[in-house]
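Shown here: my_file_15.tsv, TSV, C-alpha atoms.
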chain	number	residue	atom	x	y	z
G	119	MET	CA	-16.99	14.09	22.23
G	120	VAL	CA	-19.13	14.46	25.34
G	121	SER	CA	-21.86	11.94	26.30
G	122	SER	CA	-23.38	12.05	22.82
G	123	ALA	CA	-22.41	13.53	19.49
G	124	THR	CA	-23.90	14.22	16.09
G	125	ILE	CA	-22.98	12.11	13.10
G	126	GLY	CA	-20.77	14.97	11.87
G	127	ALA	CA	-18.87	15.13	15.17
G	128	LEU	CA	-18.47	11.35	15.14
G	129	SER	CA	-17.25	11.51	11.56
G	130	ARG	CA	-14.58	14.07	12.44
G	131	ALA	CA	-13.57	12.30	15.66
G	132	VAL	CA	-12.92	8.97	13.95
G	133	GLY	CA	-12.04	10.10	10.43
G	134	VAL	CA	-14.86	8.22	8.72
G	135	LYS	CA	-17.18	9.92	6.25
G	136	VAL	CA	-20.82	10.41	7.21
G	137	PRO	CA	-22.17	8.20	4.37
G	138	THR	CA	-19.87	5.42	5.55
G	139	ILE	CA	-21.27	5.64	9.08
G	140	ARG	CA	-24.79	5.42	7.66
G	141	TYR	CA	-23.73	2.43	5.56
G	142	TYR	CA	-22.26	0.66	8.59
G	143	GLU	CA	-25.59	1.20	10.37
G	144	GLN	CA	-27.47	-0.09	7.35
G	145	ILE	CA	-25.47	-3.35	7.18
G	146	GLY	CA	-25.51	-3.86	10.93
G	147	LEU	CA	-21.87	-3.19	11.85
G	148	MET	CA	-23.06	-0.24	13.90
G	149	SER	CA	-26.34	-0.12	15.73
G	150	HIS	CA	-28.77	2.57	14.64
G	151	ALA	CA	-28.15	5.67	16.68
G	152	ASP	CA	-30.70	7.08	19.07
G	153	ARG	CA	-32.49	10.11	17.71
G	154	THR	CA	-33.33	13.42	19.26
G	155	GLU	CA	-36.82	14.92	19.13
G	156	GLY	CA	-35.59	16.74	16.04
G	157	ASN	CA	-34.69	13.34	14.48
G	158	GLN	CA	-30.95	14.01	14.71
G	159	ARG	CA	-28.72	10.98	15.28
G	160	ARG	CA	-26.81	10.97	18.57
G	161	TYR	CA	-23.78	8.76	19.13
G	162	THR	CA	-22.17	7.63	22.38
G	163	VAL	CA	-18.56	6.98	23.33
G	164	THR	CA	-19.30	3.27	22.83
G	165	ASP	CA	-20.41	4.04	19.25
G	166	ARG	CA	-17.20	6.01	18.70
G	167	ASP	CA	-15.08	3.12	20.01
G	168	ARG	CA	-16.91	0.62	17.79
G	169	LEU	CA	-16.48	2.85	14.74
G	170	SER	CA	-12.77	3.26	15.55
G	171	PHE	CA	-12.46	-0.53	15.71
G	172	ILE	CA	-14.16	-0.86	12.32
G	173	ARG	CA	-12.01	1.85	10.77
G	174	HIS	CA	-8.79	0.32	12.06
G	175	ALA	CA	-9.84	-3.12	10.81
G	176	ARG	CA	-10.70	-1.65	7.37
G	177	ASP	CA	-7.33	0.12	7.29
G	178	LEU	CA	-5.73	-3.29	7.82
G	179	GLY	CA	-7.69	-4.67	4.88
G	180	PHE	CA	-10.17	-6.87	6.72
G	181	THR	CA	-13.38	-7.62	4.85
G	182	ILE	CA	-16.75	-6.53	6.15
G	183	ASP	CA	-17.54	-10.17	6.99
G	184	ASP	CA	-14.29	-10.53	8.93
G	185	ILE	CA	-15.00	-7.31	10.81
G	186	ARG	CA	-18.51	-8.49	11.61
G	187	GLU	CA	-17.07	-11.71	13.06
G	188	LEU	CA	-14.38	-9.84	15.02
G	189	LEU	CA	-17.02	-7.50	16.43
G	190	ASN	CA	-19.17	-10.47	17.40
G	191	LEU	CA	-16.16	-11.98	19.13
G	192	SER	CA	-15.34	-8.71	20.91
G	193	ASP	CA	-18.92	-8.59	22.18
G	194	ARG	CA	-18.21	-11.91	23.95
G	195	PRO	CA	-15.00	-11.16	25.90
G	196	ASP	CA	-14.84	-14.59	27.60
G	197	THR	CA	-14.65	-16.43	24.26
G	198	PRO	CA	-11.27	-17.97	23.39
G	199	CYS	CA	-9.41	-15.90	20.81
G	200	ASP	CA	-8.72	-18.80	18.43
G	201	ALA	CA	-11.25	-17.51	15.89
G	202	ALA	CA	-9.78	-13.99	16.01
G	203	HIS	CA	-6.31	-15.43	15.50
G	204	SER	CA	-7.54	-17.43	12.51
G	205	ILE	CA	-9.13	-14.37	10.93
G	206	ALA	CA	-5.95	-12.31	11.43
G	207	ALA	CA	-3.70	-15.10	10.11
G	208	ARG	CA	-5.88	-15.39	7.01
G	209	GLN	CA	-5.59	-11.62	6.47
G	210	VAL	CA	-1.80	-11.82	6.75
G	211	GLU	CA	-1.85	-14.42	3.94
G	212	VAL	CA	-4.06	-12.16	1.81
G	213	ILE	CA	-1.64	-9.26	2.31
G	214	GLN	CA	1.37	-11.46	1.52
G	215	ARG	CA	-0.25	-12.55	-1.78
G	216	ARG	CA	-1.09	-8.94	-2.61
G	217	ILE	CA	2.52	-7.88	-1.92
G	218	LEU	CA	3.80	-10.58	-4.27
G	219	GLN	CA	1.35	-9.46	-6.96
G	220	LEU	CA	2.41	-5.83	-6.54
G	221	GLN	CA	6.09	-6.79	-6.72
G	222	THR	CA	5.40	-8.66	-9.96
G	223	LEU	CA	3.56	-5.63	-11.34
G	224	GLN	CA	6.40	-3.35	-10.25
G	225	THR	CA	8.95	-5.51	-12.05
G	226	GLU	CA	6.81	-5.60	-15.19
G	227	LEU	CA	6.18	-1.85	-15.18
G	228	ALA	CA	9.86	-1.13	-14.62
G	229	ARG	CA	10.71	-3.42	-17.56
G	230	ILE	CA	8.21	-1.59	-19.76
G	231	ALA	CA	9.37	1.86	-18.60
G	232	ASP	CA	13.04	0.91	-19.17
G	233	SER	CA	12.22	-0.09	-22.74
G	234	CYS	CA	11.47	3.55	-23.53
G	235	ARG	CA	13.80	6.46	-23.00
G	236	GLY	CA	11.51	9.09	-24.50
G	237	GLY	CA	12.35	11.31	-27.42
G	238	THR	CA	10.11	9.47	-29.88
G	239	SER	CA	6.56	10.05	-30.98
G	240	ILE	CA	3.73	8.20	-29.30
G	241	SER	CA	3.32	6.09	-32.43
G	242	ASP	CA	6.81	4.68	-31.73
G	243	CYS	CA	6.53	4.63	-27.92
G	244	ARG	CA	7.46	1.22	-26.53
G	245	ILE	CA	5.39	1.85	-23.39
G	246	VAL	CA	2.20	2.45	-25.36
G	247	HIS	CA	2.93	-0.59	-27.56
G	248	ALA	CA	3.56	-2.83	-24.55
G	249	LEU	CA	0.34	-1.71	-22.86
G	250	ALA	CA	-1.63	-2.34	-26.05
G	251	ASP	CA	-0.14	-5.82	-26.60
G	252	HIS	CA	-0.48	-8.28	-23.71
G	253	GLY	CA	1.92	-10.57	-25.57
G	254	GLN	CA	4.78	-8.24	-24.63
G	255	CYS	CA	3.94	-8.49	-20.92
G	256	THR	CA	5.23	-11.11	-18.53
G	257	HIS	CA	3.02	-10.57	-15.47
G	258	GLU	CA	0.39	-13.10	-14.37
G	259	HIS	CA	-2.66	-11.19	-15.65
G	260	ALA	CA	-1.16	-10.88	-19.14
G	261	LEU	CA	-0.20	-14.55	-19.26
G	262	ALA	CA	-3.74	-15.56	-18.22
G	263	HIS	CA	-5.16	-13.18	-20.86
G	264	GLU	CA	-2.97	-14.76	-23.55
G	265	THR	CA	-4.08	-18.28	-22.53
G	266	ILE	CA	-7.73	-17.24	-22.83
G	267	LEU	CA	-7.11	-15.70	-26.25
G	268	ARG	CA	-5.40	-18.88	-27.48
G	269	ARG	CA	-8.34	-21.02	-26.29
G	270	GLY	CA	-10.79	-18.68	-27.99
G	271	THR	CA	-12.92	-18.26	-24.86
Show me, as structure tokens, the structure contained in the file I just sent.
Amino acid sequence: MVSSATIGALSRAVGVKVPTIRYYEQIGLMSHADRTEGNQRRYTVTDRDRLSFIRHARDLGFTIDDIRELLNLSDRPDTPCDAAHSIAARQVEVIQRRILQLQTLQTELARIADSCRGGTSISDCRIVHALADHGQCTHEHALAHETILRRGT
């Protein structure tokens, strides 16, 4: 990318789809690009770096609001990094909870899959029966679903 690039070139350089770049402009994560006389968007190296920051943060699971705050912090380089640390620590907790949920789902799915060895018709398939009946499941979502059904809400 030379001094300025089209939205397509920026998209390819960073690996972000064109509609996503437009969306980031629309919600204020990216500033609106300068336009040529032909009304074509032109992006700078600074725009590319900002988009790379956003993409990396999204890849790590940060929310748009968290990214907005991190960008605001990065625009003020003399600010203490306590707020950035807090945002990152909170994201680590979110990921840890998600890992635990996925491990629970993995255990439940393995239990369901192990209950069926194939060779029967779908009408006798233990996997299909378990998926249709939350009462046979032991994961958190199923238990919450059963509690709701018992309460009648």
Practice item. Around the point (-16.0, 0.6, 18.7) in the file's coordinates, collect all residues with an atom within 12 Å, using only C-alpha atoms, and return them as a ChimeraX atom specification. Key: /G:128,132,142,147-149,161-175,185-186,188-190,192-193
Study note, to complete from the structure: Min atom-atom distance to Ala231 in chain G from the set G:His247, G:Lys135, G:Arg194, G:Arg208, counting all atoms listed in the file, belongs to G:His247
Review point. Between G:Asp196, G:Glu211, G:Glu226, G:Glu155, which is the closest to Phe180 in chain G once you count all atoms listed in the file?
Key: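 Counting all atoms listed in the file, the residue closest to Phe180 in chain G is G:Glu211.
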Check your understanding: What gap, in Å, lies between CA of Leu178 in chain G and CA of Ser204 in chain G?
Key ->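 Between CA of Leu178 in chain G and CA of Ser204 in chain G the gap works out to 15.0 Å.
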Check your understanding: Counting only C-alpha atoms, what is within 12 Å of Arg235 in chain G, bar same-chain residues fewer than 6 positions away, as an MDAnalysis selection string?
Key -> chainID G and resid 228:229 242:245
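For the set G:Pro198, G:Asp232, G:Ser241, G:Gly179, the residue with the smallest atom-to-atom gap to Ile213 in chain G is G:Gly179, counting only C-alpha atoms.
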**Study point:** Pick from G:His150, G:His252, G:Arg216, G:Arg159 nearest to Ser122 in chain G, counting all atoms listed in the file
**Key:** G:Arg159
For Ala202 in chain G, please output as a PDB file with C-alpha atoms, in the coordinates of the input all residues within 9 Å (counting all atoms listed in the file; exclusion window: fewer than 5 positions along the same chain).
ATOM      1  CA  GLU G 187     -17.070 -11.710  13.060  1.00  0.00           C
ATOM      2  CA  LEU G 188     -14.380  -9.840  15.020  1.00  0.00           C
ATOM      3  CA  LEU G 191     -16.160 -11.980  19.130  1.00  0.00           C
ATOM      4  CA  ALA G 207      -3.700 -15.100  10.110  1.00  0.00           C
TER       5      ALA G 207
END
Check your understanding: How many Å separate CA of Val246 in chain G from CA of Thr222 in chain G?
Key ->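 Result for CA of Val246 in chain G versus CA of Thr222 in chain G: 19.3 Å, one decimal.
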